[in-house]
$ cat target_15.tsv   # TSV, N, CA and C atoms
chain	number	residue	atom	x	y	z
V	291	LYS	N	218.17	137.35	112.57
V	291	LYS	CA	217.90	137.31	113.99
V	291	LYS	C	218.65	136.16	114.63
V	292	VAL	N	218.68	135.04	113.97
V	292	VAL	CA	219.37	133.87	114.51
V	292	VAL	C	220.88	134.07	114.44
V	293	ALA	N	221.35	134.75	113.39
V	293	ALA	CA	222.80	134.92	113.18
V	293	ALA	C	223.44	135.80	114.24
V	294	GLY	N	222.72	136.79	114.72
V	294	GLY	CA	223.27	137.68	115.73
V	294	GLY	C	224.10	138.79	115.14
V	295	GLU	N	224.66	139.62	116.04
V	295	GLU	CA	225.38	140.82	115.63
V	295	GLU	C	226.60	140.53	114.78
V	296	ALA	N	227.18	139.35	114.91
V	296	ALA	CA	228.36	139.01	114.13
V	296	ALA	C	228.07	138.99	112.63
V	297	GLU	N	226.82	138.85	112.27
V	297	GLU	CA	226.45	138.79	110.86
V	297	GLU	C	225.87	140.10	110.33
V	298	ALA	N	226.03	141.18	111.07
V	298	ALA	CA	225.47	142.47	110.65
V	298	ALA	C	225.95	142.88	109.26
V	299	ASP	N	227.22	142.66	108.96
V	299	ASP	CA	227.75	143.04	107.65
V	299	ASP	C	227.04	142.29	106.53
V	300	ARG	N	226.90	141.00	106.72
V	300	ARG	CA	226.26	140.17	105.69
V	300	ARG	C	224.78	140.53	105.53
V	301	ILE	N	224.12	140.82	106.63
V	301	ILE	CA	222.71	141.17	106.58
V	301	ILE	C	222.51	142.55	105.96
V	302	ALA	N	223.42	143.48	106.23
V	302	ALA	CA	223.31	144.83	105.65
V	302	ALA	C	223.34	144.79	104.13
V	303	VAL	N	224.08	143.88	103.55
V	303	VAL	CA	224.13	143.72	102.10
V	303	VAL	C	222.74	143.38	101.56
V	304	MET	N	221.96	142.67	102.36
V	304	MET	CA	220.63	142.23	101.93
V	304	MET	C	219.62	143.37	101.86
V	305	LEU	N	219.97	144.56	102.36
V	305	LEU	CA	219.07	145.71	102.21
V	305	LEU	C	218.90	146.07	100.73
V	306	ASP	N	219.83	145.62	99.90
V	306	ASP	CA	219.79	145.91	98.47
V	306	ASP	C	219.39	144.68	97.65
V	307	ASP	N	218.82	143.68	98.29
V	307	ASP	CA	218.39	142.47	97.59
V	307	ASP	C	217.24	142.80	96.64
V	308	PRO	N	217.16	142.13	95.50
V	308	PRO	CA	216.07	142.41	94.56
V	308	PRO	C	214.68	142.04	95.11
V	309	ASN	N	214.62	141.14	96.07
V	309	ASN	CA	213.35	140.70	96.64
V	309	ASN	C	212.98	141.58	97.82
V	310	HIS	N	211.79	142.21	97.74
V	310	HIS	CA	211.40	143.14	98.81
V	310	HIS	C	211.25	142.43	100.15
V	311	GLY	N	210.84	141.19	100.16
V	311	GLY	CA	210.72	140.45	101.41
V	311	GLY	C	212.06	140.27	102.10
V	312	VAL	N	213.09	140.01	101.33
V	312	VAL	CA	214.44	139.86	101.88
V	312	VAL	C	214.91	141.21	102.42
V	313	ARG	N	214.65	142.29	101.66
V	313	ARG	CA	215.07	143.62	102.12
V	313	ARG	C	214.43	143.97	103.46
V	314	PHE	N	213.13	143.74	103.58
V	314	PHE	CA	212.44	144.10	104.83
V	314	PHE	C	212.83	143.18	105.98
V	315	ALA	N	213.08	141.92	105.71
V	315	ALA	CA	213.55	141.02	106.76
V	315	ALA	C	214.93	141.46	107.25
V	316	ALA	N	215.79	141.87	106.32
V	316	ALA	CA	217.12	142.36	106.69
V	316	ALA	C	217.01	143.61	107.54
V	317	ALA	N	216.15	144.54	107.14
V	317	ALA	CA	215.97	145.78	107.91
V	317	ALA	C	215.50	145.47	109.32
V	318	GLY	N	214.56	144.55	109.44
V	318	GLY	CA	214.06	144.18	110.76
V	318	GLY	C	215.13	143.53	111.62
V	319	SER	N	215.92	142.67	111.02
V	319	SER	CA	217.00	142.02	111.77
V	319	SER	C	218.04	143.04	112.24
V	320	LEU	N	218.39	143.96	111.36
V	320	LEU	CA	219.37	144.98	111.73
V	320	LEU	C	218.82	145.88	112.83
V	321	ALA	N	217.55	146.24	112.75
V	321	ALA	CA	216.95	147.10	113.78
V	321	ALA	C	216.96	146.41	115.14
V	322	GLU	N	216.74	145.11	115.14
V	322	GLU	CA	216.77	144.36	116.40
V	322	GLU	C	218.18	144.28	117.00
V	323	MET	N	219.18	144.37	116.15
V	323	MET	CA	220.57	144.33	116.64
V	323	MET	C	220.93	145.60	117.39
V	324	GLY	N	220.26	146.68	117.07
V	324	GLY	CA	220.56	147.94	117.74
V	324	GLY	C	221.81	148.60	117.20
V	325	PRO	N	222.42	149.47	118.01
V	325	PRO	CA	223.56	150.26	117.56
V	325	PRO	C	224.72	149.47	116.95
V	326	ALA	N	224.83	148.22	117.28
V	326	ALA	CA	225.91	147.40	116.72
V	326	ALA	C	225.79	147.27	115.20
V	327	ALA	N	224.61	147.47	114.66
V	327	ALA	CA	224.40	147.32	113.22
V	327	ALA	C	224.64	148.61	112.43
V	328	VAL	N	224.80	149.73	113.11
V	328	VAL	CA	224.93	151.02	112.41
V	328	VAL	C	226.12	151.03	111.46
V	329	ASP	N	227.26	150.60	111.92
V	329	ASP	CA	228.45	150.63	111.06
V	329	ASP	C	228.27	149.77	109.81
V	330	ALA	N	227.63	148.63	109.96
V	330	ALA	CA	227.42	147.75	108.81
V	330	ALA	C	226.57	148.45	107.74
V	331	VAL	N	225.56	149.15	108.17
V	331	VAL	CA	224.70	149.89	107.22
V	331	VAL	C	225.47	151.09	106.67
V	332	ALA	N	226.11	151.84	107.53
V	332	ALA	CA	226.82	153.06	107.11
V	332	ALA	C	227.91	152.77	106.09
V	333	LEU	N	228.58	151.64	106.22
V	333	LEU	CA	229.66	151.30	105.29
V	333	LEU	C	229.16	151.00	103.89
V	334	ARG	N	227.91	150.62	103.75
V	334	ARG	CA	227.39	150.21	102.45
V	334	ARG	C	226.42	151.19	101.81
V	335	VAL	N	225.93	152.14	102.57
V	335	VAL	CA	224.82	152.96	102.10
V	335	VAL	C	225.15	153.77	100.84
V	336	ARG	N	226.37	154.19	100.66
V	336	ARG	CA	226.72	155.02	99.48
V	336	ARG	C	226.61	154.26	98.17
V	337	VAL	N	226.77	152.93	98.20
V	337	VAL	CA	226.74	152.15	96.96
V	337	VAL	C	225.40	151.43	96.76
V	338	MET	N	224.45	151.68	97.63
V	338	MET	CA	223.14	151.03	97.51
V	338	MET	C	222.27	151.71	96.46
V	339	SER	N	221.29	150.97	95.98
V	339	SER	CA	220.28	151.55	95.09
V	339	SER	C	219.44	152.53	95.90
V	340	SER	N	218.69	153.37	95.21
V	340	SER	CA	217.82	154.32	95.91
V	340	SER	C	216.80	153.61	96.79
V	341	THR	N	216.26	152.52	96.31
V	341	THR	CA	215.29	151.75	97.09
V	341	THR	C	215.92	151.29	98.41
V	342	ALA	N	217.13	150.77	98.33
V	342	ALA	CA	217.83	150.30	99.53
V	342	ALA	C	218.19	151.47	100.44
V	343	LYS	N	218.55	152.61	99.87
V	343	LYS	CA	218.88	153.78	100.68
V	343	LYS	C	217.68	154.25	101.49
V	344	VAL	N	216.50	154.19	100.90
V	344	VAL	CA	215.28	154.58	101.63
V	344	VAL	C	215.09	153.66	102.82
V	345	LEU	N	215.21	152.38	102.61
V	345	LEU	CA	215.06	151.42	103.69
V	345	LEU	C	216.18	151.56	104.72
V	346	ALA	N	217.38	151.81	104.25
V	346	ALA	CA	218.52	152.01	105.16
V	346	ALA	C	218.29	153.24	106.04
V	347	ALA	N	217.74	154.32	105.47
V	347	ALA	CA	217.49	155.54	106.24
V	347	ALA	C	216.49	155.27	107.36
V	348	HIS	N	215.43	154.56	107.04
V	348	HIS	CA	214.45	154.23	108.07
V	348	HIS	C	215.05	153.32	109.15
V	349	THR	N	215.89	152.40	108.71
V	349	THR	CA	216.55	151.49	109.65
V	349	THR	C	217.51	152.25	110.55
V	350	LEU	N	218.28	153.17	109.99
V	350	LEU	CA	219.20	153.98	110.79
V	350	LEU	C	218.45	154.81	111.83
V	351	GLY	N	217.29	155.30	111.45
V	351	GLY	CA	216.47	156.05	112.40
V	351	GLY	C	216.04	155.19	113.57
V	352	ARG	N	215.81	153.92	113.32
V	352	ARG	CA	215.45	152.99	114.38
V	352	ARG	C	216.66	152.61	115.25
V	353	LEU	N	217.83	152.62	114.65
V	353	LEU	CA	219.04	152.20	115.37
V	353	LEU	C	219.54	153.27	116.33
V	354	GLY	N	219.51	154.51	115.89
V	354	GLY	CA	219.90	155.63	116.75
V	354	GLY	C	221.39	155.84	116.88
V	355	GLY	N	221.74	156.94	117.53
V	355	GLY	CA	223.13	157.26	117.81
V	355	GLY	C	223.74	158.26	116.84
V	356	LEU	N	224.90	158.77	117.23
V	356	LEU	CA	225.61	159.77	116.46
V	356	LEU	C	226.02	159.25	115.08
V	357	ARG	N	226.53	158.04	115.02
V	357	ARG	CA	226.97	157.47	113.74
V	357	ARG	C	225.79	157.36	112.77
V	358	ALA	N	224.62	156.98	113.28
V	358	ALA	CA	223.43	156.90	112.43
V	358	ALA	C	223.06	158.29	111.92
V	359	ALA	N	223.12	159.30	112.79
V	359	ALA	CA	222.81	160.67	112.39
V	359	ALA	C	223.77	161.16	111.31
V	360	GLU	N	225.05	160.84	111.45
V	360	GLU	CA	226.04	161.24	110.45
V	360	GLU	C	225.74	160.61	109.10
V	361	CYS	N	225.39	159.34	109.11
V	361	CYS	CA	225.07	158.65	107.87
V	361	CYS	C	223.81	159.22	107.24
V	362	LEU	N	222.81	159.48	108.05
V	362	LEU	CA	221.58	160.09	107.54
V	362	LEU	C	221.84	161.47	106.95
V	363	GLU	N	222.74	162.21	107.56
V	363	GLU	CA	223.09	163.53	107.04
V	363	GLU	C	223.67	163.42	105.63
V	364	THR	N	224.47	162.39	105.36
V	364	THR	CA	225.02	162.22	104.01
V	364	THR	C	223.92	161.89	103.01
V	365	LEU	N	222.88	161.19	103.47
V	365	LEU	CA	221.78	160.84	102.57
V	365	LEU	C	220.95	162.06	102.18
V	366	LEU	N	221.02	163.11	102.97
V	366	LEU	CA	220.31	164.35	102.63
V	366	LEU	C	220.83	164.97	101.34
V	367	GLU	N	222.01	164.58	100.92
V	367	GLU	CA	222.63	165.11	99.70
V	367	GLU	C	222.22	164.35	98.44
V	368	SER	N	221.40	163.33	98.59
V	368	SER	CA	220.98	162.51	97.45
V	368	SER	C	220.22	163.34	96.42
V	369	THR	N	220.34	162.95	95.17
V	369	THR	CA	219.55	163.58	94.12
V	369	THR	C	218.14	163.01	94.07
V	370	ASP	N	217.90	161.93	94.77
V	370	ASP	CA	216.60	161.27	94.80
V	370	ASP	C	215.77	161.82	95.96
V	371	TRP	N	214.63	162.41	95.64
V	371	TRP	CA	213.80	163.03	96.68
V	371	TRP	C	213.30	162.01	97.69
V	372	ALA	N	213.07	160.77	97.27
V	372	ALA	CA	212.60	159.74	98.21
V	372	ALA	C	213.67	159.42	99.24
V	373	VAL	N	214.92	159.42	98.82
V	373	VAL	CA	216.02	159.17	99.76
V	373	VAL	C	216.13	160.33	100.73
V	374	ARG	N	216.05	161.56	100.22
V	374	ARG	CA	216.11	162.72	101.12
V	374	ARG	C	214.97	162.70	102.13
V	375	SER	N	213.78	162.37	101.67
V	375	SER	CA	212.62	162.30	102.56
V	375	SER	C	212.82	161.24	103.64
V	376	ALA	N	213.32	160.08	103.25
V	376	ALA	CA	213.57	159.01	104.21
V	376	ALA	C	214.66	159.40	105.20
V	377	ALA	N	215.66	160.14	104.73
V	377	ALA	CA	216.73	160.59	105.63
V	377	ALA	C	216.17	161.54	106.68
V	378	VAL	N	215.28	162.43	106.27
V	378	VAL	CA	214.64	163.34	107.23
V	378	VAL	C	213.80	162.54	108.23
V	379	ALA	N	213.07	161.56	107.73
V	379	ALA	CA	212.26	160.73	108.63
V	379	ALA	C	213.16	160.00	109.63
V	380	GLY	N	214.30	159.50	109.16
V	380	GLY	CA	215.24	158.83	110.06
V	380	GLY	C	215.80	159.78	111.10
V	381	LEU	N	216.17	160.97	110.67
V	381	LEU	CA	216.70	161.96	111.62
V	381	LEU	C	215.64	162.35	112.65
V	382	ALA	N	214.42	162.56	112.19
V	382	ALA	CA	213.35	162.94	113.11
V	382	ALA	C	213.07	161.82	114.10
V	383	ARG	N	213.14	160.59	113.62
V	383	ARG	CA	212.89	159.44	114.51
V	383	ARG	C	213.93	159.33	115.61
V	384	LEU	N	215.16	159.77	115.33
V	384	LEU	CA	216.20	159.72	116.35
V	384	LEU	C	215.78	160.50	117.59
V	385	GLY	N	215.02	161.57	117.36
V	385	GLY	CA	214.49	162.34	118.48
V	385	GLY	C	215.49	163.21	119.21
V	386	GLU	N	216.72	163.26	118.73
V	386	GLU	CA	217.75	164.09	119.35
V	386	GLU	C	217.66	165.49	118.75
V	387	ALA	N	217.86	166.49	119.56
V	387	ALA	CA	217.70	167.88	119.12
V	387	ALA	C	218.55	168.19	117.89
V	388	THR	N	219.79	167.77	117.86
V	388	THR	CA	220.67	168.06	116.72
V	388	THR	C	220.15	167.39	115.46
V	389	ALA	N	219.71	166.15	115.58
V	389	ALA	CA	219.19	165.43	114.41
V	389	ALA	C	217.92	166.08	113.90
V	390	VAL	N	217.06	166.50	114.80
V	390	VAL	CA	215.81	167.16	114.38
V	390	VAL	C	216.12	168.49	113.72
V	391	GLU	N	217.12	169.20	114.19
V	391	GLU	CA	217.53	170.46	113.55
V	391	GLU	C	218.03	170.21	112.13
V	392	MET	N	218.79	169.13	111.93
V	392	MET	CA	219.23	168.77	110.58
V	392	MET	C	218.02	168.49	109.69
V	393	ALA	N	217.04	167.79	110.24
V	393	ALA	CA	215.82	167.48	109.49
V	393	ALA	C	215.08	168.76	109.11
V	394	LYS	N	214.96	169.68	110.05
V	394	LYS	CA	214.28	170.96	109.78
V	394	LYS	C	215.02	171.76	108.71
V	395	GLN	N	216.33	171.75	108.76
V	395	GLN	CA	217.14	172.46	107.76
V	395	GLN	C	216.91	171.87	106.38
V	396	ALA	N	216.90	170.54	106.30
V	396	ALA	CA	216.66	169.88	105.02
V	396	ALA	C	215.27	170.23	104.49
V	397	LEU	N	214.29	170.26	105.38
V	397	LEU	CA	212.93	170.64	104.99
V	397	LEU	C	212.90	172.05	104.42
V	398	SER	N	213.60	172.98	105.06
V	398	SER	CA	213.59	174.37	104.60
V	398	SER	C	214.26	174.53	103.24
V	399	GLU	N	215.15	173.61	102.88
V	399	GLU	CA	215.88	173.70	101.61
V	399	GLU	C	215.26	172.87	100.49
V	400	GLU	N	214.27	172.05	100.83
V	400	GLU	CA	213.68	171.13	99.84
V	400	GLU	C	212.76	171.86	98.87
V	401	SER	N	212.90	171.55	97.57
V	401	SER	CA	212.07	172.19	96.56
V	401	SER	C	210.98	171.26	96.01
V	402	ASN	N	211.14	169.97	96.14
V	402	ASN	CA	210.15	169.02	95.65
V	402	ASN	C	208.94	169.03	96.58
V	403	PRO	N	207.74	169.34	96.05
V	403	PRO	CA	206.57	169.47	96.93
V	403	PRO	C	206.19	168.17	97.65
V	404	LEU	N	206.31	167.04	96.99
V	404	LEU	CA	205.98	165.77	97.65
V	404	LEU	C	206.99	165.48	98.76
V	405	ALA	N	208.26	165.69	98.47
V	405	ALA	CA	209.30	165.49	99.49
V	405	ALA	C	209.07	166.43	100.67
V	406	ARG	N	208.74	167.69	100.39
V	406	ARG	CA	208.47	168.65	101.48
V	406	ARG	C	207.32	168.17	102.36
V	407	SER	N	206.29	167.66	101.74
V	407	SER	CA	205.13	167.18	102.49
V	407	SER	C	205.52	166.01	103.40
V	408	LEU	N	206.27	165.06	102.86
V	408	LEU	CA	206.70	163.91	103.66
V	408	LEU	C	207.64	164.34	104.77
V	409	MET	N	208.56	165.25	104.45
V	409	MET	CA	209.51	165.73	105.45
V	409	MET	C	208.78	166.47	106.58
V	410	LYS	N	207.83	167.30	106.19
V	410	LYS	CA	207.09	168.07	107.19
V	410	LYS	C	206.35	167.14	108.14
V	411	ALA	N	205.74	166.10	107.61
V	411	ALA	CA	205.04	165.13	108.45
V	411	ALA	C	205.99	164.45	109.42
V	412	SER	N	207.20	164.16	108.98
V	412	SER	CA	208.20	163.53	109.85
V	412	SER	C	208.65	164.46	110.95
V	413	VAL	N	208.91	165.71	110.60
V	413	VAL	CA	209.40	166.69	111.58
V	413	VAL	C	208.31	167.01	112.59
V	414	VAL	N	207.09	167.19	112.12
V	414	VAL	CA	205.98	167.52	113.02
V	414	VAL	C	205.73	166.36	113.99
V	415	GLY	N	205.92	165.14	113.51
V	415	GLY	CA	205.70	163.98	114.35
V	415	GLY	C	206.87	163.59	115.23
V	416	SER	N	207.97	164.34	115.15
V	416	SER	CA	209.16	163.99	115.94
V	416	SER	C	208.96	164.30	117.42
V	417	HIS	N	209.77	163.67	118.24
V	417	HIS	CA	209.69	163.84	119.69
V	417	HIS	C	210.20	165.21	120.15
V	418	VAL	N	211.08	165.81	119.38
V	418	VAL	CA	211.65	167.12	119.75
V	418	VAL	C	211.14	168.14	118.75
V	419	GLN	N	210.43	169.12	119.20
V	419	GLN	CA	209.85	170.12	118.29
V	419	GLN	C	210.67	171.40	118.31

$ encode --input "target_15.tsv" --output "C-alpha cells"
Amino acid sequence: KVAGEAEADRIAVMLDDPNHGVRFAAAGSLAEMGPAAVDAVALRVRVMSSTAKVLAAHTLGRLGGLRAAECLETLLESTDWAVRSAAVAGLARLGEATAVEMAKQALSEESNPLARSLMKASVVGSHVQ
C-alpha cells in the first residue's frame, strides 16, 4: 500500500510467498491498486503454485476489466479444481455479461462435484444472471 502502483510487479510475486499472511497482504495491496495491478498478476499467474493461483483469481475478480477476464479464462484450463473454481468466482465477481457467460460455460463443463457446487454458488451470486 505504501509502495504504490510502481511496485505492483514486486508485490504480485508475493502472491506465491510461503507465508499465508504475506500472500493475503499482497492480494489486498494489489486489489487496492485497481486495474493497474492486473498486468503484474497476469504476467506471473502461469508459473504460480495452485495456492497462489486461487488467490490470484480472487484478486483478478476484484480488479476487473478485460485483461483480468482474459487471465481468468486461462485459469479455467487448470487441472486443479480449486483453481478452476476460483477462476469462476473471479469471473462472476467481474459482473460483466461476457465474464459471467464464461463462468456459466465452465460450470456446465465441470465434472468435480465440489468444484461444481462452488462454481454454482459464485454464478448464482453474480450481479448478472

$ atom_distance --input "target_15.tsv" --atom1 "atom N of Val378 of chain V" --atom2 "atom N of Asp307 of chain V"
20.7 Å

$ residues_near_point --input "target_15.tsv" --point "(221.1, 140.6, 106.2)" --cutoff "12 Å" --atoms "only C-alpha atoms" --output "NGL selection string"
:V and (291-307 or 311-323 or 327 or 330-331 or 346)

$ closest_residue --input "target_15.tsv" --among "V:Gly324, V:Pro403, V:Pro308, V:Gly354" --to "Arg383 of chain V" --atoms "only N, CA and C atoms"
V:Gly354

$ select_by_dssp --input "target_15.tsv" --residues "chain V" --states "helix (DSSP H, G or I)" --output "ChimeraX atom specification"
/V:295-306,310-337,340-353,356-365,371-384,387-399,403-414

$ atom_distance --input "target_15.tsv" --atom1 "atom CA of Val337 of chain V" --atom2 "atom CA of Met409 of chain V"
23.5 Å

$ closest_residue --input "target_15.tsv" --among "V:His310, V:Arg406, V:Arg334, V:His348" --to "Ala376 of chain V" --atoms "all atoms listed in the file"
V:His348

$ axis_aligned_box --input "target_15.tsv" --around "segment 310-317 of chain V" --padding-each-side "3 Å" --output "JSON"
{"center_x": 213.9, "center_y": 142.8, "center_z": 103.5, "size_x": 12.4, "size_y": 11.9, "size_z": 17.6}

$ closest_residue --input "target_15.tsv" --among "V:Leu350, V:Ala372, V:Val335, V:Ala342" --to "Glu400 of chain V" --atoms "only C-alpha atoms"
V:Ala372

$ atom_distance --input "target_15.tsv" --atom1 "atom N of Ala411 of chain V" --atom2 "atom CA of Leu397 of chain V"
8.9 Å

$ residues_around --input "target_15.tsv" --residues "Val390 of chain V" --least-positions-apart "2" --cutoff "8 Å" --atoms "only N, CA and C atoms" --output "PyMOL selection string"
chain V and resi 378+380-388+392-396+413+416-419

$ decode --input "target_15.tsv" --residues "segment 343-355 of chain V" --atoms "N, CA, C and O atoms" --output "compact mmCIF listing (two decimals), in the first residue's frame"
# COMPACT_ATOMS: atom_id res chain seq x y z
N LYS V 343 -2.46 -19.33 -7.38
CA LYS V 343 -3.41 -19.13 -8.48
C LYS V 343 -4.82 -18.89 -7.96
O LYS V 343 -5.55 -18.07 -8.51
N VAL V 344 -5.20 -19.59 -6.90
CA VAL V 344 -6.52 -19.38 -6.30
C VAL V 344 -6.63 -17.95 -5.80
O VAL V 344 -7.61 -17.25 -6.08
N LEU V 345 -5.64 -17.51 -5.08
CA LEU V 345 -5.65 -16.14 -4.56
C LEU V 345 -5.58 -15.12 -5.69
O LEU V 345 -6.26 -14.09 -5.66
N ALA V 346 -4.79 -15.41 -6.71
CA ALA V 346 -4.69 -14.51 -7.87
C ALA V 346 -6.05 -14.39 -8.57
O ALA V 346 -6.45 -13.29 -8.99
N ALA V 347 -6.77 -15.50 -8.70
CA ALA V 347 -8.08 -15.48 -9.36
C ALA V 347 -9.05 -14.58 -8.60
O ALA V 347 -9.77 -13.78 -9.20
N HIS V 348 -9.07 -14.71 -7.30
CA HIS V 348 -9.96 -13.86 -6.50
C HIS V 348 -9.54 -12.38 -6.60
O HIS V 348 -10.38 -11.50 -6.69
N THR V 349 -8.24 -12.16 -6.63
CA THR V 349 -7.72 -10.79 -6.75
C THR V 349 -8.09 -10.20 -8.11
O THR V 349 -8.52 -9.05 -8.20
N LEU V 350 -7.94 -10.98 -9.17
CA LEU V 350 -8.30 -10.50 -10.51
C LEU V 350 -9.78 -10.16 -10.59
O LEU V 350 -10.16 -9.19 -11.24
N GLY V 351 -10.60 -10.94 -9.92
CA GLY V 351 -12.03 -10.65 -9.88
C GLY V 351 -12.31 -9.30 -9.23
O GLY V 351 -13.23 -8.59 -9.61
N ARG V 352 -11.51 -8.96 -8.24
CA ARG V 352 -11.65 -7.66 -7.57
C ARG V 352 -11.12 -6.52 -8.43
O ARG V 352 -11.60 -5.40 -8.33
N LEU V 353 -10.13 -6.81 -9.26
CA LEU V 353 -9.50 -5.76 -10.07
C LEU V 353 -10.36 -5.36 -11.26
O LEU V 353 -10.43 -4.20 -11.63
N GLY V 354 -10.96 -6.34 -11.91
CA GLY V 354 -11.86 -6.07 -13.02
C GLY V 354 -11.17 -5.78 -14.34
O GLY V 354 -9.95 -5.70 -14.43
N GLY V 355 -11.98 -5.68 -15.38
CA GLY V 355 -11.50 -5.33 -16.71
C GLY V 355 -11.30 -6.52 -17.63
O GLY V 355 -11.30 -7.68 -17.21
